[in-house]
Each structure stands twice: as structure tokens, then as C-alpha cells.
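> Contents of work.cif (mmCIF, C-alpha atoms):
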data_structure
loop_
_atom_site.label_atom_id
_atom_site.label_comp_id
_atom_site.auth_asym_id
_atom_site.auth_seq_id
_atom_site.Cartn_x
_atom_site.Cartn_y
_atom_site.Cartn_z
CA MET A 1 198.30 -142.25 84.72
CA ASN A 2 194.56 -141.80 84.69
CA PHE A 3 192.34 -139.69 82.41
CA GLN A 4 188.88 -138.61 83.51
CA LEU A 5 186.55 -137.13 80.91
CA ILE A 6 184.57 -134.49 82.79
CA HIS A 7 182.47 -132.80 80.09
CA THR A 8 182.00 -132.95 76.32
CA ASP A 9 180.60 -130.01 74.38
CA THR A 10 177.28 -130.70 72.66
CA LYS A 11 177.93 -128.54 69.56
CA THR A 12 181.57 -129.50 68.92
CA SER A 13 183.91 -132.33 69.90
CA ALA A 14 185.63 -130.20 72.56
CA ARG A 15 186.27 -131.94 75.87
CA ALA A 16 187.18 -130.95 79.42
CA GLY A 17 189.12 -133.59 81.28
CA LYS A 18 191.65 -134.33 84.00
CA ILE A 19 194.89 -136.29 83.76
CA THR A 20 196.21 -137.60 87.06
CA SER A 21 199.90 -138.51 87.21
CA ASP A 22 202.33 -139.22 90.04
CA HIS A 23 203.58 -135.64 89.74
CA GLY A 24 200.15 -134.04 89.89
CA GLU A 25 196.98 -133.24 87.99
CA ILE A 26 196.66 -131.73 84.52
CA LEU A 27 193.35 -130.08 83.63
CA THR A 28 192.61 -130.40 79.93
CA PRO A 29 192.60 -128.92 77.37
CA ILE A 30 196.17 -127.95 78.21
CA PHE A 31 199.13 -126.26 76.56
CA MET A 32 202.63 -127.47 77.45
CA PRO A 33 205.49 -124.94 77.40
CA VAL A 34 208.49 -126.34 75.55
CA GLY A 35 211.60 -126.80 77.68
CA THR A 36 213.85 -128.27 75.01
CA VAL A 37 217.02 -128.74 77.06
CA GLY A 38 215.26 -128.97 80.42
CA SER A 39 214.42 -125.27 80.70
CA VAL A 40 211.81 -123.01 79.15
CA LYS A 41 213.98 -120.31 77.56
CA GLY A 42 214.36 -117.19 79.67
CA LEU A 43 211.94 -118.21 82.44
CA HIS A 44 212.54 -119.22 86.05
CA LEU A 45 210.45 -122.03 87.55
CA GLN A 46 208.70 -119.41 89.67
CA HIS A 47 207.54 -117.70 86.47
CA LEU A 48 206.18 -120.98 85.12
CA THR A 49 204.32 -121.97 88.26
CA GLU A 50 203.04 -118.64 89.62
CA ASP A 51 202.57 -116.45 86.56
CA VAL A 52 202.21 -118.76 83.55
CA LYS A 53 200.47 -121.37 85.74
CA ALA A 54 201.92 -124.21 83.69
CA GLN A 55 200.78 -127.66 84.72
CA ILE A 56 203.18 -129.71 82.57
CA ILE A 57 206.28 -128.90 80.51
CA LEU A 58 207.93 -130.67 77.61
CA GLY A 59 211.56 -131.82 77.31
CA ASN A 60 213.36 -133.04 74.21
CA THR A 61 214.97 -136.48 74.18
CA TYR A 62 217.45 -135.70 71.41
CA HIS A 63 218.81 -132.56 73.08
CA LEU A 64 218.84 -133.95 76.64
CA TYR A 65 220.57 -137.13 75.45
CA LEU A 66 223.36 -135.07 73.91
CA ARG A 67 223.55 -132.47 76.67
CA PRO A 68 223.80 -132.82 79.67
CA GLY A 69 223.80 -136.55 78.85
CA LEU A 70 222.24 -139.60 80.45
CA ASP A 71 224.90 -140.08 83.13
CA VAL A 72 224.28 -136.61 84.55
CA LEU A 73 220.51 -137.02 84.45
CA GLU A 74 220.62 -140.45 86.12
CA ASN A 75 223.03 -139.26 88.79
CA ALA A 76 220.69 -136.34 89.48
CA GLY A 77 217.74 -138.70 89.89
CA GLY A 78 216.00 -137.76 86.66
CA LEU A 79 215.01 -134.53 84.97
CA HIS A 80 212.58 -133.47 87.72
CA ARG A 81 215.33 -133.37 90.31
CA PHE A 82 217.85 -131.97 87.86
CA ASN A 83 215.82 -128.90 86.89
CA GLY A 84 213.69 -128.57 90.04
CA TRP A 85 210.32 -128.92 88.27
CA ASN A 86 208.08 -131.03 90.51
CA LYS A 87 205.06 -131.20 88.20
CA PRO A 88 204.49 -133.53 85.23
CA ILE A 89 206.94 -133.63 82.32
CA LEU A 90 206.46 -135.03 78.81
CA THR A 91 209.38 -135.95 76.58
CA ASP A 92 209.13 -136.34 72.83
CA SER A 93 211.08 -139.19 71.27
CA GLY A 94 213.64 -137.04 69.50
CA GLY A 95 212.33 -138.32 66.19
CA TYR A 96 211.44 -134.90 64.81
CA GLN A 97 214.91 -133.52 65.57
CA VAL A 98 216.71 -136.58 64.22
CA PHE A 99 214.75 -136.61 60.97
CA SER A 100 215.26 -132.89 60.50
CA LEU A 101 219.02 -133.54 60.32
CA GLU A 102 218.75 -134.37 56.63
CA GLY A 103 222.17 -135.02 55.16
CA THR A 104 223.68 -136.13 58.47
CA ARG A 105 221.43 -139.09 59.28
CA LYS A 106 220.60 -142.49 57.79
CA ILE A 107 217.27 -144.26 58.33
CA THR A 108 217.21 -148.08 58.43
CA GLU A 109 214.80 -150.67 59.77
CA GLU A 110 216.96 -150.91 62.88
CA GLY A 111 216.73 -147.18 63.63
CA VAL A 112 218.41 -143.92 62.74
CA ILE A 113 222.13 -143.18 62.66
CA PHE A 114 222.77 -139.46 63.01
CA SER A 115 225.50 -136.93 63.66
CA SER A 116 225.31 -134.63 66.67
CA HIS A 117 224.71 -131.00 65.77
CA ILE A 118 227.08 -130.12 68.64
CA ASP A 119 230.29 -131.98 67.81
CA GLY A 120 229.53 -134.21 64.82
CA SER A 121 229.76 -137.43 66.85
CA ARG A 122 227.77 -140.39 65.53
CA HIS A 123 224.85 -141.93 67.41
CA LEU A 124 222.18 -144.58 66.88
CA PHE A 125 218.55 -144.20 67.98
CA THR A 126 216.55 -147.42 67.86
CA PRO A 127 213.04 -147.82 69.28
CA GLU A 128 214.51 -149.80 72.18
CA ARG A 129 217.22 -147.24 72.83
CA VAL A 130 214.75 -144.35 72.78
CA MET A 131 212.60 -146.11 75.39
CA ASP A 132 215.65 -146.62 77.61
CA ILE A 133 216.74 -142.99 77.16
CA GLN A 134 213.30 -141.70 78.16
CA ARG A 135 213.25 -144.06 81.14
CA THR A 136 216.51 -142.41 82.23
CA ILE A 137 215.28 -138.87 81.63
CA GLY A 138 212.31 -139.81 83.78
CA ALA A 139 209.38 -137.99 82.17
CA ASP A 140 205.85 -138.86 83.28
CA ILE A 141 204.73 -139.21 79.64
CA ILE A 142 207.11 -140.57 77.02
CA MET A 143 206.63 -140.86 73.28
CA ALA A 144 207.10 -143.77 70.89
CA PHE A 145 209.87 -143.46 68.28
CA ASP A 146 208.40 -142.52 64.91
CA GLU A 147 209.37 -140.97 61.61
CA CYS A 148 207.89 -137.54 61.03
CA THR A 149 207.41 -137.19 57.28
CA PRO A 150 207.84 -133.78 55.64
CA TYR A 151 205.27 -131.88 53.59
CA PRO A 152 204.86 -132.35 50.72
CA CYS A 153 205.41 -136.09 50.82
CA GLU A 154 204.73 -138.65 48.10
CA TYR A 155 202.09 -141.25 48.96
CA ASP A 156 204.42 -144.23 48.58
CA TYR A 157 206.98 -142.71 50.92
CA ALA A 158 204.31 -141.74 53.44
CA LYS A 159 202.96 -145.31 53.48
CA LYS A 160 206.40 -146.86 53.75
CA SER A 161 207.27 -144.49 56.58
CA MET A 162 203.99 -145.14 58.40
CA ASP A 163 204.44 -148.90 58.17
CA MET A 164 207.94 -148.62 59.62
CA THR A 165 206.66 -146.31 62.38
CA HIS A 166 204.14 -149.02 63.28
CA ARG A 167 206.84 -151.70 63.36
CA TRP A 168 208.94 -149.42 65.52
CA LEU A 169 205.93 -148.91 67.78
CA ASP A 170 205.66 -152.66 68.37
CA ARG A 171 209.31 -152.64 69.44
CA CYS A 172 208.75 -149.61 71.67
CA LEU A 173 205.82 -151.34 73.38
CA ALA A 174 207.87 -154.51 73.93
CA GLN A 175 210.81 -152.61 75.41
CA PHE A 176 208.55 -150.44 77.54
CA SER A 177 206.80 -153.50 78.97
CA GLN A 178 210.11 -155.21 79.74
CA THR A 179 211.59 -152.27 81.66
CA GLU A 180 210.68 -150.37 84.80
CA PRO A 181 210.71 -146.68 85.76
CA LYS A 182 213.95 -145.71 87.48
CA TYR A 183 212.92 -143.13 90.06
CA GLY A 184 209.95 -144.54 91.94
CA TYR A 185 207.08 -143.06 89.94
CA SER A 186 205.14 -144.36 86.95
CA GLN A 187 205.61 -143.47 83.29
CA SER A 188 203.08 -143.65 80.44
CA LEU A 189 203.83 -144.34 76.78
CA PHE A 190 201.95 -142.50 74.02
CA PRO A 191 202.10 -143.88 70.44
CA ILE A 192 201.95 -141.43 67.52
CA VAL A 193 199.60 -141.40 64.53
CA GLN A 194 201.37 -140.70 61.23
CA GLY A 195 200.32 -140.89 57.56
CA SER A 196 201.04 -137.40 56.20
CA VAL A 197 197.91 -135.83 54.62
CA TYR A 198 196.48 -139.04 53.12
CA LYS A 199 193.12 -140.04 54.58
CA ASP A 200 193.50 -143.81 54.16
CA LEU A 201 196.94 -143.74 55.82
CA ARG A 202 195.73 -141.59 58.70
CA ILE A 203 192.78 -143.95 59.25
CA ALA A 204 195.03 -147.01 59.19
CA SER A 205 197.53 -145.40 61.56
CA ALA A 206 194.84 -144.19 63.97
CA GLU A 207 193.32 -147.69 64.06
CA LYS A 208 196.73 -149.21 64.78
CA ILE A 209 197.44 -146.71 67.56
CA ALA A 210 193.97 -147.16 69.09
CA SER A 211 194.48 -150.94 69.17
CA CYS A 212 197.55 -150.56 71.41
CA HIS A 213 195.43 -149.48 74.41
CA CYS A 214 198.05 -147.08 75.75
CA ASP A 215 197.36 -144.43 78.41
CA GLY A 216 197.08 -141.72 75.77
CA ASN A 217 197.64 -141.13 72.07
CA ALA A 218 199.41 -138.52 69.97
CA ILE A 219 199.00 -137.15 66.46
CA GLY A 220 202.25 -136.27 64.68
CA GLY A 221 203.34 -135.16 61.24
CA LEU A 222 201.06 -132.11 61.10
CA SER A 223 201.93 -128.41 61.30
CA VAL A 224 204.91 -129.18 59.05
CA GLY A 225 203.92 -126.87 56.21
CA GLU A 226 200.61 -128.29 55.00
CA PRO A 227 197.63 -125.92 54.50
CA ILE A 228 195.84 -125.19 57.77
CA GLU A 229 192.52 -126.58 56.52
CA MET A 230 194.28 -129.84 55.67
CA MET A 231 195.69 -130.00 59.20
CA TYR A 232 192.19 -129.54 60.60
CA GLU A 233 190.79 -132.19 58.25
CA MET A 234 193.38 -134.79 59.30
CA THR A 235 192.95 -133.92 62.98
CA GLU A 236 189.17 -134.32 62.83
CA LEU A 237 189.51 -137.60 60.97
CA VAL A 238 191.92 -139.06 63.51
CA CYS A 239 189.98 -137.80 66.55
CA GLY A 240 186.97 -139.72 65.25
CA ILE A 241 188.96 -142.95 65.55
CA LEU A 242 191.13 -142.52 68.66
CA PRO A 243 189.34 -143.66 71.84
CA LYS A 244 187.32 -141.01 73.66
CA GLU A 245 188.42 -142.27 77.07
CA LYS A 246 192.11 -141.47 76.41
CA PRO A 247 193.79 -138.05 76.11
CA ARG A 248 194.71 -136.89 72.60
CA TYR A 249 197.89 -134.92 72.04
CA LEU A 250 198.42 -132.90 68.84
CA MET A 251 202.17 -132.40 68.53
CA GLY A 252 203.72 -129.05 67.60
CA VAL A 253 200.52 -126.98 67.18
CA GLY A 254 200.36 -124.01 67.03
CA THR A 255 198.92 -120.49 66.88
CA PRO A 256 196.26 -119.53 69.43
CA ALA A 257 193.61 -119.82 66.71
CA ASN A 258 194.93 -123.27 65.70
CA ILE A 259 194.65 -124.41 69.29
CA LEU A 260 191.04 -123.27 69.69
CA GLU A 261 190.00 -124.86 66.39
CA CYS A 262 191.68 -128.15 67.31
CA ILE A 263 190.14 -128.14 70.79
CA ALA A 264 186.81 -128.00 68.95
CA LEU A 265 187.89 -131.11 67.00
CA GLY A 266 188.59 -133.11 70.17
CA ILE A 267 192.26 -132.44 71.04
CA ASP A 268 193.26 -132.30 74.72
CA MET A 269 197.00 -131.53 74.75
CA PHE A 270 199.22 -129.15 72.77
CA ASP A 271 202.82 -127.98 72.63
CA CYS A 272 204.58 -125.45 70.42
CA VAL A 273 207.69 -123.25 70.50
CA MET A 274 205.70 -120.37 69.00
CA PRO A 275 204.93 -118.41 72.20
CA THR A 276 208.59 -118.29 73.23
CA ARG A 277 210.26 -118.26 69.81
CA ASN A 278 207.96 -115.58 68.40
CA GLY A 279 208.13 -113.70 71.69
CA ARG A 280 211.90 -113.51 71.44
CA ASN A 281 211.39 -111.82 68.07
CA GLY A 282 208.95 -109.25 69.41
CA MET A 283 205.59 -110.88 68.59
CA LEU A 284 202.98 -110.79 71.33
CA PHE A 285 199.70 -112.71 71.29
CA THR A 286 196.87 -110.95 73.13
CA LYS A 287 193.12 -111.27 73.66
CA ASN A 288 192.55 -108.59 71.03
CA GLY A 289 195.11 -109.56 68.42
CA ILE A 290 198.81 -109.81 67.57
CA LEU A 291 201.34 -107.08 68.37
CA ASN A 292 204.77 -106.56 66.78
CA MET A 293 206.62 -104.78 69.56
CA ARG A 294 209.37 -103.57 67.23
CA ASN A 295 206.94 -101.35 65.33
CA GLU A 296 207.40 -97.57 65.44
CA LYS A 297 203.74 -97.14 66.43
CA TRP A 298 204.50 -98.24 70.01
CA LYS A 299 207.34 -95.74 70.53
CA ASN A 300 205.21 -93.29 72.53
CA ASP A 301 202.46 -95.68 73.66
CA PHE A 302 202.73 -95.69 77.45
CA SER A 303 199.68 -97.88 78.00
CA PRO A 304 200.19 -101.30 79.60
CA ILE A 305 201.31 -104.19 77.41
CA GLU A 306 197.83 -105.66 77.93
CA GLU A 307 195.35 -103.93 80.21
CA ASP A 308 193.67 -107.12 81.44
CA GLY A 309 196.46 -109.56 80.59
CA ALA A 310 197.18 -112.87 82.28
CA SER A 311 200.75 -112.05 83.40
CA ILE A 312 202.20 -109.66 85.93
CA VAL A 313 204.38 -108.11 83.20
CA ASP A 314 201.29 -106.97 81.29
CA THR A 315 200.52 -104.09 83.65
CA LEU A 316 204.02 -103.71 85.08
CA TYR A 317 205.49 -102.47 81.78
CA SER A 318 204.26 -100.25 78.95
CA LYS A 319 204.32 -100.96 75.23
CA ALA A 320 206.78 -98.11 74.73
CA TYR A 321 209.16 -99.54 77.32
CA LEU A 322 209.02 -103.05 75.87
CA ARG A 323 209.65 -101.68 72.38
CA HIS A 324 212.63 -99.74 73.75
CA LEU A 325 214.05 -102.94 75.27
CA PHE A 326 213.78 -104.75 71.93
CA GLN A 327 215.34 -101.85 70.05
CA ALA A 328 218.20 -101.74 72.57
CA GLY A 329 218.81 -105.48 72.37
CA GLU A 330 218.21 -105.81 76.12
CA MET A 331 217.83 -109.43 77.27
CA LEU A 332 214.85 -108.46 79.42
CA ALA A 333 212.76 -107.89 76.26
CA PRO A 334 212.47 -111.55 75.13
CA MET A 335 211.99 -112.61 78.75
CA ILE A 336 208.99 -110.28 79.15
CA ALA A 337 207.54 -111.29 75.78
CA SER A 338 207.97 -115.02 76.44
CA LEU A 339 206.38 -114.73 79.86
CA HIS A 340 203.45 -112.76 78.44
CA ASN A 341 202.87 -115.19 75.57
CA LEU A 342 202.99 -118.33 77.69
CA ALA A 343 200.67 -116.83 80.28
CA PHE A 344 198.29 -115.91 77.46
CA TYR A 345 198.38 -119.45 76.00
CA LEU A 346 197.66 -121.02 79.39
CA TRP A 347 194.89 -118.48 80.01
CA LEU A 348 193.40 -119.32 76.61
CA VAL A 349 193.15 -123.07 77.21
CA LYS A 350 191.80 -122.48 80.71
CA GLU A 351 189.11 -120.21 79.30
CA ALA A 352 188.32 -122.81 76.65
CA ARG A 353 187.85 -125.38 79.41
CA ASN A 354 185.57 -123.04 81.35
CA HIS A 355 183.39 -122.43 78.30
CA ILE A 356 183.24 -126.15 77.44
CA ILE A 357 181.90 -126.83 80.92
CA ALA A 358 179.55 -123.82 80.75
CA GLY A 359 178.12 -125.03 77.44
CA ASP A 360 178.85 -121.97 75.30
CA PHE A 361 182.23 -122.99 73.87
CA LEU A 362 181.30 -122.71 70.19
CA THR A 363 180.00 -119.14 70.46
CA TRP A 364 182.99 -118.06 72.55
CA LYS A 365 185.47 -119.84 70.27
CA THR A 366 184.09 -118.27 67.10
CA THR A 367 184.35 -114.77 68.53
CA MET A 368 187.75 -115.36 70.12
CA VAL A 369 189.36 -116.80 66.97
CA GLU A 370 188.44 -113.68 65.03
CA LYS A 371 189.77 -111.36 67.74
CA ILE A 372 193.08 -113.07 68.43
CA SER A 373 193.94 -113.52 64.74
CA GLN A 374 193.95 -109.83 63.76
CA ARG A 375 197.16 -107.81 63.49
CA LEU A 376 197.18 -104.69 65.63
#
With the file now loaded, output its structure as C-alpha cells.

Amino acid sequence: MNFQLIHTDTKTSARAGKITSDHGEILTPIFMPVGTVGSVKGLHLQHLTEDVKAQIILGNTYHLYLRPGLDVLENAGGLHRFNGWNKPILTDSGGYQVFSLEGTRKITEEGVIFSSHIDGSRHLFTPERVMDIQRTIGADIIMAFDECTPYPCEYDYAKKSMDMTHRWLDRCLAQFSQTEPKYGYSQSLFPIVQGSVYKDLRIASAEKIASCHCDGNAIGGLSVGEPIEMMYEMTELVCGILPKEKPRYLMGVGTPANILECIALGIDMFDCVMPTRNGRNGMLFTKNGILNMRNEKWKNDFSPIEEDGASIVDTLYSKAYLRHLFQAGEMLAPMIASLHNLAFYLWLVKEARNHIIAGDFLTWKTTMVEKISQRL
């Protein structure tokens, strides 16, 4: 994998770049639709490529390991061949899901023992095992195994967790270097900065991650309930330490406004379930603000969903019709909303890139954040 830094904004830390992988190019800043079990909920691949214009999608190691399982994925020739997506894929390590299973998992120095949410069966994730699992899944970018601490989190626990994450990272790097990709194309390992909301821990973790000289770096443990300004503060702090010549991935963030603000801080890659999860519940993100499509006010509004929207569904259907579909419990409703939201997110990061290159990103971002944050 190669990262080329094309342009850096003069008034912010925003960057326009290009990641080149064996499955194609990714123009940054980029948003990655979340395909937890190998599919982005409710969307065909044609939707993702032609309408959303996704360049990379995310899969989840925990869920794919449990179902369909490694044997099926290996027999298929990896996730790309299994789901038909021929562009880049990133897999997270499964750490967030495993650690969210509080009460059914046990953390030790060796790894994490957990119970499947599907059938209660017991499993062990170690750093070595997680590397092997992601080799089998076959993503282009794979993540180191880490502990994602909750918020709030006591300092002593955050430090203990960070130190263990760093020890696990050393084991991930060793296992990664001792194994080969399985399907004839290269894979890149991204380590993850942790440290909760404590500046000294974030600095120490960022310095450790930077010293590993991996193809890219990630920032985890944010967007877990901490105040937004604290998330921005930690992101800016870490971006000042992580190497400029490598892509920076902020995990699990966030709202459209969050994404624009974090692009300004130097982030290149994002993922979040918000566009699809919120879409399934009737929330639409648009260039002029946020719509709740279940509201009575749309009942007789026969105007397009979004007059100049990024998706074909925006002018194909009216607000009144989409509200009717939600009220009727029709499965088409969340499909339309998810498609709209993802197309909007990908349009937003593309526009951000265009304005970074044009040199007016800060002015555009300031105006856009205000517009897209209002409730309509």
C-alpha cells in the first residue's frame, strides 16, 4: 500500500491524498461504509459503486469470524470473492465488539475469552489469532488488536489498558511479519492509538504507534460518549504526532459535522454506522440540515427528498412518499434512507477534498458545518 500526500490546506491541517492498494485507489479524505457481516445493510453492490460511489468498505472481524466462519471465507478465496466487492476492504480487529460484551468476556495478558452473542460458545482472541483471522478474511487493511476503553474511564485503568494494547501491538507486528497474505495481494497493518481522554497517555500512545513505521495509523477509543470538544482535542493532539506521510484513520466517527471538523484536524479516513443505522430509523442527512422522515410535516410534501442530492433516490421519490413508506413499515424505506445518507457522506468528503485542493476549505467548512447541523 502506498500513500501520496497531494495537497495540505494552509489554514487548517486538512489534507488531500491518495492511497494505492492492490484492489484500487482511494482518494482521501474518505468515508468507509460499514459492512459488518460482509454487506452494507440494505444495499446492493451496484448501489455502492454507482450511486454511493464508495471506494472502500469496512468488514468486522468478530462478526465474520463467527458467521459465516473462516472455513467458508477461505474456501471462497477471501471476503472480496465471497461478497463480490472488488475494491479495497478494511477490517477492524473485533476488539470493540469483544470488549462491549461486558459480563461475557474475560481480559488477560494472553488475550480475550468471550462468549458468542449467537450461540454462547466460548472463543479466544489473542493478538496472534486476530492477525491470522484477518489474513484469512483477506482485507487490504487490517487492524491491530487493542482494548477500546469506555468513557468515563479512570486514569489508572486507561494507562494499564494502553500499556497492554502496546504489548499486544508488538505481538501483532511479530505475527504479521511472520505470515503471508493468502490470496495473492498485499495487506497492510494499522496500529491503533489509545489512551482515553488523557493527554499524556494519548501522546505516549501516538509516539509508540508512530515508531512502528506501519503503512498507516488509526486513532481509537473516541466517539464513545466523551464530549465532542474533548474528542476534537484528543484528535488534534494525536494528529500532531502521527507521521504526515501516512494516512490517519479515526475509528467510528461520526456525524457529518464531526467528519468535517476532524478533516480540518488532519484525519484522512472515517467509518461510522450512523448513515445506515440512523437512516433505518428515518433520519436523513442533507446539505441543508437533518430531516426526520417520520414527522407529520412531510405528509403532504411532494417535493423531492433532496432537490440537488447526491443519490438517484433523491429526485426519484418525494418526502411524502418516503414518510409513507416509514409509516407503513415498508422495507424500501430504510433502503432509500441508507442509500441517500451514504451517498451524502461520500459527496461530503469528496467536496471537502475539492475545497482543500482549491484552497478555500476553511471558509467552505465553516459554512457547511452550520448548514448540515440544523434540524429541519
> For the provided coordinates, the residues matched by the PyMOL selection byres ((chain A and resi 136) around 7) should be stated as a PyMOL selection string.
chain A and resi 70+74+78+132-135+137-138+182
> On this file, the PyMOL selection byres ((chain A and resi 268-276) around 6) gives some set of residues; write that set as an MDAnalysis selection string.
chainID A and resid 28:32 34 247:250 252:254 267 277:279 338 341:342
> Mind dumping the selected residues with C-alpha atoms as a PDB file, in the coordinates of the input?

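Final output, out.pdb:
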ATOM      1  CA  THR A  28     192.610-130.400  79.930  1.00  0.00           C
ATOM      2  CA  PRO A  29     192.600-128.920  77.370  1.00  0.00           C
ATOM      3  CA  ILE A  30     196.170-127.950  78.210  1.00  0.00           C
ATOM      4  CA  PHE A  31     199.130-126.260  76.560  1.00  0.00           C
ATOM      5  CA  MET A  32     202.630-127.470  77.450  1.00  0.00           C
ATOM      6  CA  VAL A  34     208.490-126.340  75.550  1.00  0.00           C
ATOM      7  CA  PRO A 247     193.790-138.050  76.110  1.00  0.00           C
ATOM      8  CA  ARG A 248     194.710-136.890  72.600  1.00  0.00           C
ATOM      9  CA  TYR A 249     197.890-134.920  72.040  1.00  0.00           C
ATOM     10  CA  LEU A 250     198.420-132.900  68.840  1.00  0.00           C
ATOM     11  CA  GLY A 252     203.720-129.050  67.600  1.00  0.00           C
ATOM     12  CA  VAL A 253     200.520-126.980  67.180  1.00  0.00           C
ATOM     13  CA  GLY A 254     200.360-124.010  67.030  1.00  0.00           C
ATOM     14  CA  ILE A 267     192.260-132.440  71.040  1.00  0.00           C
ATOM     15  CA  ARG A 277     210.260-118.260  69.810  1.00  0.00           C
ATOM     16  CA  ASN A 278     207.960-115.580  68.400  1.00  0.00           C
ATOM     17  CA  GLY A 279     208.130-113.700  71.690  1.00  0.00           C
ATOM     18  CA  SER A 338     207.970-115.020  76.440  1.00  0.00           C
ATOM     19  CA  ASN A 341     202.870-115.190  75.570  1.00  0.00           C
ATOM     20  CA  LEU A 342     202.990-118.330  77.690  1.00  0.00           C
TER      21      LEU A 342
END
> Can you find the residues with an atom no farther than 6 Å from (223.3, -142.7, 67.8), counting all atoms listed in the file, and report them as a PyMOL selection string?
chain A and resi 113-114+122-125
> Pull the neighbourhood of (188.5, -113.6, 70.9) for me: all residues within 10 Å in file coordinates, counting only C-alpha atoms, as a VMD selection string.
chain A and resid 256 to 257 286 to 289 348 364 to 374
> What does the PyMOL selection byres ((chain A and resi 164) around 10) select in this file, as a ChimeraX atom specification?
/A:108-111,146-147,158-163,165-170
> Would you put the residues from that selection into a file with C-alpha atoms, as a short mmCIF file (atom, residue, chain, number, x, y, z; two decimals), in the coordinates of the input?

data_model
loop_
_atom_site.label_atom_id
_atom_site.label_comp_id
_atom_site.auth_asym_id
_atom_site.auth_seq_id
_atom_site.Cartn_x
_atom_site.Cartn_y
_atom_site.Cartn_z
CA THR A 108 217.21 -148.08 58.43
CA GLU A 109 214.80 -150.67 59.77
CA GLU A 110 216.96 -150.91 62.88
CA GLY A 111 216.73 -147.18 63.63
CA ASP A 146 208.40 -142.52 64.91
CA GLU A 147 209.37 -140.97 61.61
CA ALA A 158 204.31 -141.74 53.44
CA LYS A 159 202.96 -145.31 53.48
CA LYS A 160 206.40 -146.86 53.75
CA SER A 161 207.27 -144.49 56.58
CA MET A 162 203.99 -145.14 58.40
CA ASP A 163 204.44 -148.90 58.17
CA THR A 165 206.66 -146.31 62.38
CA HIS A 166 204.14 -149.02 63.28
CA ARG A 167 206.84 -151.70 63.36
CA TRP A 168 208.94 -149.42 65.52
CA LEU A 169 205.93 -148.91 67.78
CA ASP A 170 205.66 -152.66 68.37
#
> Excluding Phe3 (chain A) and its own-chain neighbours fewer than 4 positions away, which residues fall within 9 Å of it when counting all atoms listed in the file? Please give them as a PyMOL selection string.
chain A and resi 17-20+215-216+245-247
> In terms of the shortest atom-to-atom distance over all atoms listed in the file, which of A:Gly120, A:Gly220, A:Pro304, A:Gly84 is closest to Gly195 (chain A)?
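Answer, going by the shortest atom-to-atom distance: A:Gly220.
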> Would you mind listing what lies within 12 Å of region 225-227 of chain A as a ChimeraX atom specification, with all atoms listed in the file counted and same-chain residues fewer than 6 positions away left out?
/A:149-153,196-198,233-234,252-254,258
> Quick one, how far is CA of Leu48 (chain A) from CA of Asn354 (chain A)?
21.1 Å
> Might you pull out every residue within 10 Å of Trp85 (chain A), with all atoms listed in the file counted and same-chain residues fewer than 5 positions away left off, and present them as number ranges by chain?
A: 23, 38-39, 45-46, 48-49, 56-57, 79-80
> Could you dump the residues just selected with C-alpha atoms as a PDB file, in the frame of the given file?

ATOM      1  CA  HIS A  23     203.580-135.640  89.740  1.00  0.00           C
ATOM      2  CA  GLY A  38     215.260-128.970  80.420  1.00  0.00           C
ATOM      3  CA  SER A  39     214.420-125.270  80.700  1.00  0.00           C
ATOM      4  CA  LEU A  45     210.450-122.030  87.550  1.00  0.00           C
ATOM      5  CA  GLN A  46     208.700-119.410  89.670  1.00  0.00           C
ATOM      6  CA  LEU A  48     206.180-120.980  85.120  1.00  0.00           C
ATOM      7  CA  THR A  49     204.320-121.970  88.260  1.00  0.00           C
ATOM      8  CA  ILE A  56     203.180-129.710  82.570  1.00  0.00           C
ATOM      9  CA  ILE A  57     206.280-128.900  80.510  1.00  0.00           C
ATOM     10  CA  LEU A  79     215.010-134.530  84.970  1.00  0.00           C
ATOM     11  CA  HIS A  80     212.580-133.470  87.720  1.00  0.00           C
TER      12      HIS A  80
END
> Applying 9 Å and all atoms listed in the file, which residues near Trp347 (chain A) remain after dropping the ones on its own chain fewer than 6 positions away? List them as a PyMOL selection string.
chain A and resi 52-53+310
> Quick one, how far is CA of Arg323 (chain A) from CA of Thr36 (chain A)?
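One can read the CA of Arg323 (chain A) to CA of Thr36 (chain A) distance as 27.0 Å.
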> Within 8 Å of Ile263 (chain A), counting all atoms listed in the file, which residues qualify if same-chain residues fewer than 2 places away don't, as a list in words?
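Listed by chain and then number, they are Ser13, Ala14, Arg15, Pro29, Ile259, Leu260, Glu261, Leu265, Gly266, Ile267 and Asp268 of chain A.
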> Between A:Ala139, A:Asp51, A:Ile209, A:Gly329, which is the closest to Ser311 (chain A) once you count only C-alpha atoms?
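Residue with the minimum atom-to-atom distance to Ser311 (chain A): A:Asp51.
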> Between CA of Phe302 (chain A) and CA of Leu322 (chain A), what is the distance in Å, rounded to a tenth?
9.8 Å
